[in-house]
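Written below as structure tokens is the structure these notes are about.
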Amino acid sequence: MRTIDLSPLYRSLVGFDRLAAQLDAAARTEASSGYPPYNIERTGENDYRIEIAVAGFKPEELNVEVKENLLTVTGRKAANDDAKQYLHRGLAERNFERKFQLTDYLVVVDAELSNGLLSIALKRELPEALKPRIVDIKAGASSLIEGEKAA
């Protein structure tokens, strides 16, 4: 297990304490289980998709929640009281919780379960105040108007 000391960030960067806290959280999360596996894909300039392998889960057993820039995907397998007798059980149908820290203005657009993959579409939606805009340039009033003489 490797540990990274981020205390120099706290001492020298003013106002970046949230970034350092996110790095701390990411370091702790990476040490956790790798189940279920996932992909993060950039599908456009402001569009992303997270695909999570959730084979064996039904839509009602999955929950996608966004709260304060934290996307949490949980899977809770219903109790399986069947008297099945497995010769080999290789499908991991265990409960899970997977968290993703989202940047500001990144919103969840859609979630779809197909062929054992949960696809979550994300889009960056900047407020109008943050979008680039063109400022019209007005010509300044000249001191002499054509055809008039200075007094």
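Just remember, in the structure tokens the first chain shown is A, the second B, etc., residues are 1-based per chain, and ligands are 1-based in the order shown.
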Mind listing the strand (DSSP E) residues of range 39-143 of chain A, per DSSP on the backbone, as a PyMOL selection string? chain A and resi 39-42+47-53+62-67+70-75+96-101+106-114+117-124
Please provide the set of residues having any atom within 12 Å of Ser119 in chain A, restricted to only C-alpha atoms, with same-chain residues fewer than 5 positions apart removed, written as a PyMOL selection string. chain A and resi 38-41+48-54+59+62+64+73+108-114
With distances taken over only C-alpha atoms, which residue among A:Ala21, A:Val135, A:Ala83, A:Leu122 lies nearest Leu71 in chain A? A:Leu122
One-decimal distance in Å that lies between CA of Lys77 in chain A and CA of Glu61 in chain A: 5.9 Å
Expressed in Å, the length from CA of Ala121 in chain A to CA of Thr43 in chain A is 9.2 Å
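What separates CA of Leu130 in chain A from CA of Thr72 in chain A is a distance of 27.0 Å.
Nearest residue to Gly90 in chain A, choosing from A:Asp24, A:Glu60, A:Ala55, A:Arg11 and counting only C-alpha atoms: A:Ala55.
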